[in-house]
Structures are given as C-alpha cells and as structure tokens.
>>> print(open('query.pdb').read())   # PDB, C-alpha atoms
ATOM      1  CA  MET Q   1      -7.976 -10.952 -15.138
ATOM      2  CA  LEU Q   2      -6.187  -7.741 -16.174
ATOM      3  CA  VAL Q   3      -5.171  -7.059 -12.563
ATOM      4  CA  LEU Q   4      -3.729 -10.563 -12.294
ATOM      5  CA  ILE Q   5      -1.768 -10.238 -15.541
ATOM      6  CA  VAL Q   6      -0.365  -6.841 -14.598
ATOM      7  CA  GLY Q   7       0.548  -8.126 -11.144
ATOM      8  CA  VAL Q   8       2.375 -11.202 -12.450
ATOM      9  CA  ILE Q   9       4.321  -9.139 -14.992
ATOM     10  CA  LEU Q  10       5.242  -6.575 -12.359
ATOM     11  CA  VAL Q  11       6.417  -9.311  -9.974
ATOM     12  CA  GLY Q  12       8.495 -10.972 -12.679
ATOM     13  CA  VAL Q  13      10.219  -7.809 -13.885
ATOM     14  CA  SER Q  14      10.780  -6.445 -10.375
ATOM     15  CA  TRP Q  15      12.051  -9.793  -9.078
ATOM     16  CA  ILE Q  16      14.707  -9.837 -11.794
ATOM     17  CA  ALA Q  17      15.615  -6.253 -10.977
ATOM     18  CA  ALA Q  18      15.780  -6.947  -7.228
ATOM     19  CA  TRP Q  19      18.200  -9.842  -7.611
ATOM     20  CA  GLY Q  20      20.239  -8.423 -10.476
ATOM     21  CA  PRO Q  21      22.944  -5.786 -10.938
ATOM     22  CA  PHE Q  22      20.736  -3.111 -12.462
ATOM     23  CA  GLY Q  23      21.762  -0.034 -10.470
ATOM     24  CA  ILE Q  24      18.921   2.289  -9.604
ATOM     25  CA  PHE Q  25      16.338  -0.244 -10.819
ATOM     26  CA  THR Q  26      17.655  -2.742  -8.272
ATOM     27  CA  GLU Q  27      17.734  -0.156  -5.496
ATOM     28  CA  LEU Q  28      14.123   0.878  -6.131
ATOM     29  CA  SER Q  29      12.698  -2.569  -6.871
ATOM     30  CA  PHE Q  30      11.020  -3.218  -3.506
ATOM     31  CA  PHE Q  31       7.894  -1.131  -4.043
ATOM     32  CA  PRO Q  32       7.050  -2.353  -7.566
ATOM     33  CA  LEU Q  33       7.775  -5.944  -6.512
ATOM     34  CA  TRP Q  34       5.322  -5.734  -3.628
ATOM     35  CA  LEU Q  35       2.817  -3.761  -5.637
ATOM     36  CA  GLY Q  36       2.980  -6.675  -8.067
ATOM     37  CA  TYR Q  37       2.368  -9.107  -5.200
ATOM     38  CA  ILE Q  38      -0.644  -7.090  -4.058
ATOM     39  CA  LEU Q  39      -2.115  -6.943  -7.569
ATOM     40  CA  THR Q  40      -1.412 -10.636  -8.168
ATOM     41  CA  VAL Q  41      -3.144 -11.707  -4.969
ATOM     42  CA  ASN Q  42      -6.154  -9.489  -5.688
ATOM     43  CA  GLY Q  43      -6.288 -10.635  -9.287
ATOM     44  CA  LEU Q  44      -6.141 -14.278  -8.242
ATOM     45  CA  SER Q  45      -8.917 -13.675  -5.710
ATOM     46  CA  GLN Q  46     -11.061 -12.010  -8.374
ATOM     47  CA  VAL Q  47     -10.542 -14.844 -10.853
ATOM     48  CA  LEU Q  48     -11.208 -17.629  -8.335
ATOM     49  CA  PHE Q  49     -13.986 -16.108  -6.244
ATOM     50  CA  LYS Q  50     -15.308 -13.175  -8.303
ATOM     51  CA  ARG Q  51     -14.316 -10.775  -5.524
ATOM     52  CA  SER Q  52     -11.167  -9.283  -4.057
ATOM     53  CA  LEU Q  53     -10.171  -6.780  -1.404
ATOM     54  CA  LEU Q  54      -9.231  -4.273  -4.101
ATOM     55  CA  GLY Q  55     -12.522  -4.743  -5.894
ATOM     56  CA  SER Q  56     -14.524  -4.554  -2.683
ATOM     57  CA  MET Q  57     -12.823  -1.411  -1.373
ATOM     58  CA  GLY Q  58     -12.378   0.528  -4.598
ATOM     59  CA  ARG Q  59     -10.583   3.812  -4.048
ATOM     60  CA  SER Q  60     -10.563   3.198  -0.303
ATOM     61  CA  PHE Q  61      -7.905   0.553  -0.991
ATOM     62  CA  LEU Q  62      -5.371   3.386  -1.344
ATOM     63  CA  PHE Q  63      -6.025   4.258   2.298
ATOM     64  CA  LEU Q  64      -4.326   1.000   3.275
ATOM     65  CA  PHE Q  65      -1.063   2.212   1.737
ATOM     66  CA  VAL Q  66      -1.283   5.443   3.718
ATOM     67  CA  ILE Q  67      -1.900   3.867   7.127
ATOM     68  CA  SER Q  68       0.795   1.272   6.504
ATOM     69  CA  ILE Q  69       3.568   3.872   6.689
ATOM     70  CA  PRO Q  70       3.157   4.962  10.345
ATOM     71  CA  LEU Q  71       2.530   1.373  11.419
ATOM     72  CA  TRP Q  72       5.886   0.112  10.205
ATOM     73  CA  TRP Q  73       7.741   3.237  11.354
ATOM     74  CA  PHE Q  74       6.378   2.364  14.797
ATOM     75  CA  PHE Q  75       8.085  -1.020  14.602
ATOM     76  CA  GLU Q  76      11.247   0.666  13.317
ATOM     77  CA  GLY Q  77      11.138   2.740  16.492
ATOM     78  CA  MET Q  78      10.856  -0.413  18.556
ATOM     79  CA  ASN Q  79      13.820  -1.838  16.690
ATOM     80  CA  VAL Q  80      15.950   1.104  17.795
ATOM     81  CA  ILE Q  81      15.588  -0.387  21.272
ATOM     82  CA  LEU Q  82      15.642  -4.078  20.408
ATOM     83  CA  GLN Q  83      18.154  -4.053  17.510
ATOM     84  CA  ASN Q  84      16.714  -7.208  15.913
ATOM     85  CA  TRP Q  85      17.225  -6.257  12.259
ATOM     86  CA  GLN Q  86      19.623  -4.110  10.269
ATOM     87  CA  TYR Q  87      19.479  -2.712   6.732
ATOM     88  CA  HIS Q  88      22.312  -2.977   4.219
ATOM     89  CA  PHE Q  89      22.826  -0.766   1.171
ATOM     90  CA  GLU Q  90      25.169  -0.982  -1.775
ATOM     91  CA  HIS Q  91      26.318   2.551  -1.030
ATOM     92  CA  PRO Q  92      25.495   5.198   1.602
ATOM     93  CA  VAL Q  93      22.227   7.099   1.168
ATOM     94  CA  SER Q  94      21.178  10.397   2.669
ATOM     95  CA  ALA Q  95      18.793  10.534   5.606
ATOM     96  CA  THR Q  96      16.205  12.290   3.434
ATOM     97  CA  ARG Q  97      16.337   9.676   0.688
ATOM     98  CA  TYR Q  98      16.242   6.880   3.249
ATOM     99  CA  PHE Q  99      13.142   8.313   4.896
ATOM    100  CA  ILE Q 100      11.294   8.834   1.612
ATOM    101  CA  GLN Q 101      12.281   5.507   0.062
ATOM    102  CA  ALA Q 102      11.616   3.583   3.275
ATOM    103  CA  SER Q 103       8.202   5.203   3.703
ATOM    104  CA  ILE Q 104       7.211   4.278   0.157
ATOM    105  CA  ASP Q 105       8.351   0.690   0.737
ATOM    106  CA  PHE Q 106       6.640   0.491   4.126
ATOM    107  CA  SER Q 107       3.341   1.509   2.491
ATOM    108  CA  THR Q 108       2.970  -1.978   1.000
ATOM    109  CA  VAL Q 109       2.848  -3.883   4.313
ATOM    110  CA  VAL Q 110      -0.822  -3.461   5.227
ATOM    111  CA  PRO Q 111      -2.329  -3.904   1.737
ATOM    112  CA  ALA Q 112      -0.151  -6.981   1.128
ATOM    113  CA  ILE Q 113      -1.240  -8.727   4.328
ATOM    114  CA  LEU Q 114      -4.904  -7.778   4.050
ATOM    115  CA  SER Q 115      -5.091  -8.757   0.375
ATOM    116  CA  ALA Q 116      -3.600 -12.181   1.119
ATOM    117  CA  SER Q 117      -5.899 -12.549   4.133
ATOM    118  CA  PHE Q 118      -8.940 -11.788   1.982
ATOM    119  CA  LEU Q 119      -7.865 -14.433  -0.527
ATOM    120  CA  LEU Q 120      -7.310 -17.088   2.141
ATOM    121  CA  ALA Q 121     -10.571 -16.159   3.897
ATOM    122  CA  SER Q 122     -12.397 -16.643   0.596
ATOM    123  CA  MET Q 123     -10.832 -20.095   0.294
ATOM    124  CA  LEU Q 124     -11.672 -21.089   3.862
ATOM    125  CA  GLN Q 125     -15.227 -19.855   3.501
ATOM    126  CA  LYS Q 126     -15.778 -22.637   0.981
ATOM    127  CA  ILE Q 127     -14.728 -25.270   3.525
ATOM    128  CA  SER Q 128     -17.430 -26.617   5.827
ATOM    129  CA  LEU Q 129     -15.797 -26.346   9.226
ATOM    130  CA  ARG Q 130     -17.259 -25.448  12.602
ATOM    131  CA  TRP Q 131     -15.414 -22.149  12.917
ATOM    132  CA  SER Q 132     -17.726 -21.050  15.729
ATOM    133  CA  MET Q 133     -17.375 -24.213  17.815
ATOM    134  CA  TRP Q 134     -15.856 -22.283  20.730
ATOM    135  CA  ARG Q 135     -16.791 -18.676  21.397
ATOM    136  CA  PRO Q 136     -14.769 -17.027  24.167
ATOM    137  CA  THR Q 137     -16.349 -14.707  26.683
ATOM    138  CA  VAL Q 138     -14.462 -11.724  28.024
ATOM    139  CA  THR Q 139     -14.947  -9.533  31.063
ATOM    140  CA  ALA Q 140     -14.079  -5.917  31.690
ATOM    141  CA  ALA Q 141     -11.399  -7.038  34.122
ATOM    142  CA  GLN Q 142      -9.792  -9.275  31.492
ATOM    143  CA  LEU Q 143      -9.792  -6.454  28.945
ATOM    144  CA  ALA Q 144      -8.198  -4.058  31.414
ATOM    145  CA  ALA Q 145      -5.605  -6.653  32.402
ATOM    146  CA  SER Q 146      -4.718  -7.204  28.745
ATOM    147  CA  VAL Q 147      -4.123  -3.501  28.172
ATOM    148  CA  LEU Q 148      -1.992  -3.233  31.305
ATOM    149  CA  LEU Q 149      -0.009  -6.295  30.259
ATOM    150  CA  GLY Q 150       0.586  -4.788  26.830
ATOM    151  CA  LEU Q 151       1.762  -1.506  28.328
ATOM    152  CA  GLY Q 152       3.978  -3.431  30.727
ATOM    153  CA  CYS Q 153       5.720  -5.065  27.780
ATOM    154  CA  TYR Q 154       6.807  -1.671  26.485
ATOM    155  CA  ALA Q 155       8.216  -0.803  29.886
ATOM    156  CA  LEU Q 156      10.323  -3.985  29.810
ATOM    157  CA  PHE Q 157      11.813  -3.528  26.321
ATOM    158  CA  PRO Q 158      14.509  -1.007  27.329
ATOM    159  CA  LEU Q 159      15.355  -2.965  30.477
ATOM    160  CA  PHE Q 160      15.573  -6.485  29.043
ATOM    161  CA  PRO Q 161      15.704  -6.194  25.227
ATOM    162  CA  ASN Q 162      17.315  -9.604  24.677
ATOM    163  CA  GLU Q 163      14.680 -11.400  26.739
ATOM    164  CA  THR Q 164      11.529  -9.485  25.766
ATOM    165  CA  PHE Q 165      11.988  -8.927  22.012
ATOM    166  CA  PRO Q 166       9.292 -11.469  20.966
ATOM    167  CA  LEU Q 167       6.724  -9.416  22.858
ATOM    168  CA  VAL Q 168       7.001  -6.606  20.300
ATOM    169  CA  TRP Q 169       4.815  -8.792  18.039
ATOM    170  CA  ILE Q 170       2.317  -9.477  20.836
ATOM    171  CA  ALA Q 171       2.051  -6.295  22.906
ATOM    172  CA  PRO Q 172       0.185  -4.184  20.303
ATOM    173  CA  ILE Q 173      -2.647  -6.692  19.949
ATOM    174  CA  LEU Q 174      -2.992  -6.851  23.749
ATOM    175  CA  ILE Q 175      -3.806  -3.141  23.626
ATOM    176  CA  LEU Q 176      -5.549  -2.658  20.267
ATOM    177  CA  GLU Q 177      -8.146  -5.397  20.588
ATOM    178  CA  PRO Q 178      -9.416  -4.711  24.144
ATOM    179  CA  VAL Q 179      -9.677  -0.983  23.406
ATOM    180  CA  ALA Q 180     -11.541  -1.544  20.127
ATOM    181  CA  PHE Q 181     -13.864  -4.095  21.726
ATOM    182  CA  SER Q 182     -14.582  -1.839  24.703
ATOM    183  CA  ILE Q 183     -15.542   1.213  22.643
ATOM    184  CA  GLY Q 184     -17.634  -0.724  20.141
ATOM    185  CA  TYR Q 185     -15.170  -0.509  17.264
ATOM    186  CA  PRO Q 186     -14.662  -3.464  14.899
ATOM    187  CA  SER Q 187     -12.568  -6.066  16.701
ATOM    188  CA  LEU Q 188     -11.409  -9.622  16.229
ATOM    189  CA  ILE Q 189     -12.680 -10.470  19.716
ATOM    190  CA  ALA Q 190     -16.231  -9.531  18.762
ATOM    191  CA  ASP Q 191     -15.898 -11.259  15.399
ATOM    192  CA  VAL Q 192     -14.799 -14.526  17.001
ATOM    193  CA  GLN Q 193     -17.758 -14.355  19.367
ATOM    194  CA  ARG Q 194     -20.196 -13.855  16.484
ATOM    195  CA  ASN Q 195     -18.666 -15.743  13.580
ATOM    196  CA  GLY Q 196     -15.977 -18.060  14.901
ATOM    197  CA  TRP Q 197     -12.292 -18.292  14.110
ATOM    198  CA  MET Q 198     -12.159 -18.330  10.325
ATOM    199  CA  ARG Q 199     -11.017 -14.744   9.880
ATOM    200  CA  VAL Q 200      -8.373 -15.124  12.595
ATOM    201  CA  PHE Q 201      -6.977 -18.259  10.962
ATOM    202  CA  SER Q 202      -7.021 -16.676   7.507
ATOM    203  CA  ILE Q 203      -5.138 -13.597   8.732
ATOM    204  CA  MET Q 204      -2.501 -15.636  10.538
ATOM    205  CA  GLY Q 205      -2.002 -18.072   7.677
ATOM    206  CA  ALA Q 206      -1.899 -15.379   5.001
ATOM    207  CA  THR Q 207       0.636 -13.354   6.970
ATOM    208  CA  MET Q 208       2.879 -16.396   7.301
ATOM    209  CA  MET Q 209       2.665 -16.867   3.543
ATOM    210  CA  THR Q 210       3.385 -13.191   2.915
ATOM    211  CA  GLY Q 211       6.292 -13.355   5.351
ATOM    212  CA  PHE Q 212       7.799 -16.205   3.338
ATOM    213  CA  PHE Q 213       7.836 -13.995   0.236
ATOM    214  CA  TRP Q 214       9.283 -11.072   2.219
ATOM    215  CA  GLU Q 215      12.170 -13.209   3.358
ATOM    216  CA  MET Q 216      12.691 -15.010   0.046
ATOM    217  CA  TRP Q 217      12.791 -11.861  -2.093
ATOM    218  CA  ASN Q 218      14.998 -10.157   0.477
ATOM    219  CA  TYR Q 219      17.670 -12.880   0.403
ATOM    220  CA  TYR Q 220      19.480 -11.875  -2.801
ATOM    221  CA  SER Q 221      18.358  -8.240  -2.845
ATOM    222  CA  LEU Q 222      20.358  -5.110  -2.158
ATOM    223  CA  PRO Q 223      19.233  -3.079  -0.253
ATOM    224  CA  LYS Q 224      18.308  -5.891   2.133
ATOM    225  CA  TRP Q 225      17.921  -6.618   5.821
ATOM    226  CA  THR Q 226      19.527  -9.152   8.131
ATOM    227  CA  TYR Q 227      18.629 -10.247  11.661
ATOM    228  CA  THR Q 228      20.299 -10.346  15.044
ATOM    229  CA  ILE Q 229      18.023 -12.515  17.188
ATOM    230  CA  PRO Q 230      19.176 -13.372  20.736
ATOM    231  CA  TYR Q 231      19.154 -17.045  21.743
ATOM    232  CA  VAL Q 232      17.276 -18.353  18.664
ATOM    233  CA  GLY Q 233      19.254 -16.875  15.785
ATOM    234  CA  PHE Q 234      19.987 -20.260  14.191
ATOM    235  CA  TRP Q 235      18.385 -22.591  11.580
ATOM    236  CA  LYS Q 236      17.897 -19.785   9.113
ATOM    237  CA  VAL Q 237      15.377 -19.946   6.294
ATOM    238  CA  PHE Q 238      16.754 -17.215   4.042
ATOM    239  CA  GLU Q 239      17.948 -14.465   6.444
ATOM    240  CA  MET Q 240      15.250 -15.166   9.042
ATOM    241  CA  PRO Q 241      15.914 -17.704  11.821
ATOM    242  CA  LEU Q 242      13.283 -20.434  11.756
ATOM    243  CA  PHE Q 243      11.758 -19.434  15.092
ATOM    244  CA  GLY Q 244      11.410 -15.866  13.850
ATOM    245  CA  TYR Q 245       8.670 -16.933  11.456
ATOM    246  CA  PHE Q 246       6.391 -17.556  14.429
ATOM    247  CA  GLY Q 247       6.121 -13.791  14.834
ATOM    248  CA  TYR Q 248       4.323 -13.398  11.513
ATOM    249  CA  PRO Q 249       0.889 -14.801  12.517
ATOM    250  CA  SER Q 250       0.564 -12.458  15.496
ATOM    251  CA  PHE Q 251       1.885  -9.575  13.387
ATOM    252  CA  GLY Q 252      -0.954 -10.230  10.970
ATOM    253  CA  LEU Q 253      -3.484  -9.850  13.769
ATOM    254  CA  ILE Q 254      -1.870  -6.542  14.702
ATOM    255  CA  VAL Q 255      -2.112  -5.330  11.118
ATOM    256  CA  PHE Q 256      -5.770  -6.309  10.788
ATOM    257  CA  SER Q 257      -6.806  -4.839  14.136
ATOM    258  CA  TYR Q 258      -4.892  -1.624  13.451
ATOM    259  CA  ALA Q 259      -6.356  -1.289   9.956
ATOM    260  CA  ALA Q 260      -9.896  -1.988  11.190
ATOM    261  CA  THR Q 261      -9.559   0.708  13.851
ATOM    262  CA  ALA Q 262      -8.012   3.221  11.446
ATOM    263  CA  MET Q 263     -10.694   2.668   8.819
ATOM    264  CA  LYS Q 264     -13.488   3.086  11.347
ATOM    265  CA  LEU Q 265     -11.886   6.166  12.905
ATOM    266  CA  VAL Q 266     -10.912   7.995   9.726
ATOM    267  CA  ARG Q 267     -13.348   6.740   7.078
ATOM    268  CA  GLY Q 268     -16.246   5.395   9.120
ATOM    269  CA  GLN Q 269     -15.969   2.017   7.373
ATOM    270  CA  ASN Q 270     -16.096  -1.435   8.937
ATOM    271  CA  LEU Q 271     -13.365  -3.706   7.574
ATOM    272  CA  PHE Q 272     -15.307  -6.773   8.759
ATOM    273  CA  ASP Q 273     -18.178  -5.885   6.418
ATOM    274  CA  ILE Q 274     -15.765  -6.293   3.511
ATOM    275  CA  PHE Q 275     -14.060  -9.549   4.481
ATOM    276  CA  PRO Q 276     -15.588 -12.989   3.898
ATOM    277  CA  SER Q 277     -17.303 -14.168   7.071
ATOM    278  CA  GLY Q 278     -16.743 -17.468   8.855
ATOM    279  CA  SER Q 279     -20.437 -17.531   9.719
ATOM    280  CA  LEU Q 280     -21.123 -18.797   6.188
ATOM    281  CA  ALA Q 281     -18.740 -21.701   6.574
ATOM    282  CA  ARG Q 282     -20.348 -23.586   9.417
ATOM    283  CA  SER Q 283     -21.466 -27.139   9.042
TER     284      SER Q 283
END
>>> encode(input="query.pdb", output="structure tokens")
Amino acid sequence: MLVLIVGVILVGVSWIAAWGPFGIFTELSFFPLWLGYILTVNGLSQVLFKRSLLGSMGRSFLFLFVISIPLWWFFEGMNVILQNWQYHFEHPVSATRYFIQASIDFSTVVPAILSASFLLASMLQKISLRWSMWRPTVTAAQLAASVLLGLGCYALFPLFPNETFPLVWIAPILILEPVAFSIGYPSLIADVQRNGWMRVFSIMGATMMTGFFWEMWNYYSLPKWTYTIPYVGFWKVFEMPLFGYFGYPSFGLIVFSYAATAMKLVRGQNLFDIFPSGSLARS
C-alpha cells in the first residue's frame, strides 16, 4: 500500500510540474512522473494480487532502469535516419546536459512497460481463457529467415526512410526472438509454445496503455516531443497520429524480449519465471 500511495503522490505532483510554469521543476519532471507511474502500477498490482514486478524482483528491479538506457538510445539512433520525432525545449541546453537528462529519462521505459505488463498478466491470469489453443511450430529455416528479414529492414531504412519507418518497431523482434529461441535463452516463441498467448497479449495491451500515458503527459509538457510521420500523420490523439499507436504493441514485445535476454545474459535470471503464466489460466 505504501508503494501505491507514494506512486500516486509522485504522479500528482510531477504531473502538475510537467504541465505548469515551474522552471527547473517543469524541465526535470519527466523522470519523477514516470517513476511515480512505475510505483503506482506496482503498488496497484501488490494491492490487487498480493504480488508485483517490483516485489518479485527486489533489488534486481533496478537493473531494468540500467538496461533501458541503451535500448532507447538505440531507437534514437534509428530516428537520426528516419526523422520521425523531434524534441522541443523551452531554451537551448548543452549537449552534455541533454545526454545526461535524456539518459535518466530513458531509464524509465523498460520498468514502466514491464511493470504494466505484469499487472495486466496478473489480471488475465484470473480469466479462464484457452490461451494455449494454438501453439505455433517453428523450423530452423523460419528462424534464419526471420533474422535475415530483420537485418534486411535495417539495410532499407537509409534508402527508403519514408516507406520503411514502421519496420523500426518490428525489425528488432525479428532478430531478438529467433536468436534467443535458438540458443535456449528465454523467448516469447518458446513461452507461446508451452503456455499459450497470455503473456504476449498482456505485454502488447500494457504497452498500448503505457503509450497512452506517454502521449497524454507529453502533450502540455515542455520539454516535449512532436512527430513527423510520412503518409499517416493525421488524426492525432495528443501529438501522436492515430496510426502511430499501432507501433506500441510490437514495441512492447521488443522491450520484453530484450529485457529477458539481458537479464539471462548479465544476471542469469529468467524473466519468465517472474511473470504470471498463461498456463494457469486455461479452461
């Protein structure tokens, strides 16, 4: 309960700061706002289901903040090519301050998505659905083709940025998942085969929900970001074009697969052992 209370207070205070004219407090509001979101989601999960990602991981939860930084800098690098979003500041900032402040803000991406995914997975686990009704089979040739397709996407970005930009939210999963599955690392492919689709659905749904809050809190904030989306840059919900929201579910899969691989590689932990399993929700 304490985590939930602290999270709600932090969200409330930071939200006011983000949308108000409070100088340095407004400029630095992103991290405390999203830390509040993370604590609120974990606190809500603990109250409703007596478990949360934070409670299950303990100190290892801090590792999610660390691995989040290089992940989003990777997508910033892709954006240098694709030019799909731009940042706006009230006044110019130095390159050093931008790098430090951006890195701190980027650290919230992975824990926010995984915390929300854990909460939604806990909810779905209580629903009696046949999550394992269809279990896909994969071959070595299909895995190799997926990796090659993912690599091919990156080759196309510089050549046709306006036509291939949606693939930036698909290409990583085409590479991460086949590699993890092939070397025996935790993977969503293997989880679907064993336990069904519950975790996949919870990750995609939770990331869409988290994306809504990203875009909503961004709308009246400064610093903020805006989008330049070729062909489908209309029907905006906040700053994001409506069709842009369809990138969030696949981004969530990227985040989960990346985090699962990083945790296994660096800490020897299996993220799937922590998350609620769809195998308990079959009818």
>>> residues_around(input="query.pdb", residues="segment 198-214 of chain Q", least_positions_apart="6", cutoff="9 Å", atoms="only C-alpha atoms", output="MDAnalysis selection string")
chainID Q and resid 34 112:125 129 131:132 188 191:192 237 245:253 256 275:279 281
>>> atom_distance(input="query.pdb", atom1="atom CA of Trp169 of chain Q", atom2="atom CA of Pro136 of chain Q")
22.1 Å
>>> residues_around(input="query.pdb", residues="Val179 of chain Q", least_positions_apart="5", cutoff="9 Å", atoms="only C-alpha atoms", output="mmCIF file with C-alpha atoms, in the frame of the given file")
data_model
loop_
_atom_site.group_PDB
_atom_site.id
_atom_site.type_symbol
_atom_site.label_atom_id
_atom_site.label_comp_id
_atom_site.auth_asym_id
_atom_site.auth_seq_id
_atom_site.Cartn_x
_atom_site.Cartn_y
_atom_site.Cartn_z
ATOM 1 C CA LEU Q 143 -9.792 -6.454 28.945
ATOM 2 C CA ALA Q 144 -8.198 -4.058 31.414
ATOM 3 C CA VAL Q 147 -4.123 -3.501 28.172
ATOM 4 C CA LEU Q 174 -2.992 -6.851 23.749
ATOM 5 C CA GLY Q 184 -17.634 -0.724 20.141
ATOM 6 C CA TYR Q 185 -15.170 -0.509 17.264
ATOM 7 C CA SER Q 187 -12.568 -6.066 16.701
#
>>> atom_distance(input="query.pdb", atom1="atom CA of Gln86 of chain Q", atom2="atom CA of Tyr227 of chain Q")
6.4 Å
>>> closest_residue(input="query.pdb", among="Q:Pro92, Q:Gly244, Q:Phe106, Q:Leu39", to="Pro166 of chain Q", atoms="all atoms listed in the file")
Q:Gly244
>>> closest_residue(input="query.pdb", among="Q:Val110, Q:Ile16, Q:Val255, Q:Val138", to="Ala190 of chain Q", atoms="all atoms listed in the file")
Q:Val138
>>> residues_around(input="query.pdb", residues="Tyr231 of chain Q", least_positions_apart="2", cutoff="10 Å", atoms="only C-alpha atoms", output="ChimeraX atom specification")
/Q:162-163,228-229,233-234
>>> residues_around(input="query.pdb", residues="segment 48-63 of chain Q", least_positions_apart="3", cutoff="7 Å", atoms="only C-alpha atoms", output="number ranges by chain")
Q: 42, 44-45, 66-67, 115, 118, 274
>>> atom_distance(input="query.pdb", atom1="atom CA of Leu222 of chain Q", atom2="atom CA of Phe89 of chain Q")
6.0 Å
>>> resolve_selection(input="query.pdb", expression="the PyMOL selection byres ((chain Q and resi 24) around 12)", output="list in words")
Ser14, Ala17, Ala18, Gly20, Pro21, Phe22, Gly23, Phe25, Thr26, Glu27, Leu28, Ser29, Phe30, Phe89, Glu90, His91, Leu222 and Pro223 of chain Q
>>> closest_residue(input="query.pdb", among="Q:Ile104, Q:Ile127, Q:Lys264, Q:Trp225", to="Ile183 of chain Q", atoms="all atoms listed in the file")
Q:Lys264
>>> residues_around(input="query.pdb", residues="Leu35 of chain Q", least_positions_apart="5", cutoff="8 Å", atoms="all atoms listed in the file", output="tab-separated table (two decimals) with C-alpha atoms, in the coordinates of the input")
chain	number	residue	atom	x	y	z
Q	7	GLY	CA	0.55	-8.13	-11.14
Q	10	LEU	CA	5.24	-6.58	-12.36
Q	11	VAL	CA	6.42	-9.31	-9.97
Q	108	THR	CA	2.97	-1.98	1.00
>>> axis_aligned_box(input="query.pdb", around="segment 67-79 of chain Q", padding_each_side="3 Å", output="AutoDock Vina command-line options")
--center_x 6.0 --center_y 1.6 --center_z 12.5 --size_x 21.7 --size_y 12.8 --size_z 18.1
>>> closest_residue(input="query.pdb", among="Q:Leu2, Q:Asp273, Q:Gly268, Q:Trp19", to="Trp217 of chain Q", atoms="all atoms listed in the file")
Q:Trp19
>>> closest_residue(input="query.pdb", among="Q:Val232, Q:Phe75, Q:Val80, Q:Ala140", to="Ala171 of chain Q", atoms="all atoms listed in the file")
Q:Phe75
>>> resolve_selection(input="query.pdb", expression="the PyMOL selection byres ((chain Q and resi 150-152) around 12)", output="JSON list (two decimals) with C-alpha atoms, in the coordinates of the input")
[["chain", "number", "residue", "atom", "x", "y", "z"],
["Q", 143, "LEU", "CA", -9.79, -6.45, 28.94],
["Q", 144, "ALA", "CA", -8.20, -4.06, 31.41],
["Q", 145, "ALA", "CA", -5.60, -6.65, 32.40],
["Q", 146, "SER", "CA", -4.72, -7.20, 28.74],
["Q", 147, "VAL", "CA", -4.12, -3.50, 28.17],
["Q", 148, "LEU", "CA", -1.99, -3.23, 31.30],
["Q", 149, "LEU", "CA", -0.01, -6.30, 30.26],
["Q", 153, "CYS", "CA", 5.72, -5.07, 27.78],
["Q", 154, "TYR", "CA", 6.81, -1.67, 26.48],
["Q", 155, "ALA", "CA", 8.22, -0.80, 29.89],
["Q", 156, "LEU", "CA", 10.32, -3.98, 29.81],
["Q", 157, "PHE", "CA", 11.81, -3.53, 26.32],
["Q", 158, "PRO", "CA", 14.51, -1.01, 27.33],
["Q", 159, "LEU", "CA", 15.36, -2.96, 30.48],
["Q", 164, "THR", "CA", 11.53, -9.48, 25.77],
["Q", 167, "LEU", "CA", 6.72, -9.42, 22.86],
["Q", 168, "VAL", "CA", 7.00, -6.61, 20.30],
["Q", 169, "TRP", "CA", 4.82, -8.79, 18.04],
["Q", 170, "ILE", "CA", 2.32, -9.48, 20.84],
["Q", 171, "ALA", "CA", 2.05, -6.30, 22.91],
["Q", 172, "PRO", "CA", 0.18, -4.18, 20.30],
["Q", 173, "ILE", "CA", -2.65, -6.69, 19.95],
["Q", 174, "LEU", "CA", -2.99, -6.85, 23.75],
["Q", 175, "ILE", "CA", -3.81, -3.14, 23.63],
["Q", 176, "LEU", "CA", -5.55, -2.66, 20.27],
["Q", 177, "GLU", "CA", -8.15, -5.40, 20.59],
["Q", 178, "PRO", "CA", -9.42, -4.71, 24.14],
["Q", 179, "VAL", "CA", -9.68, -0.98, 23.41]]
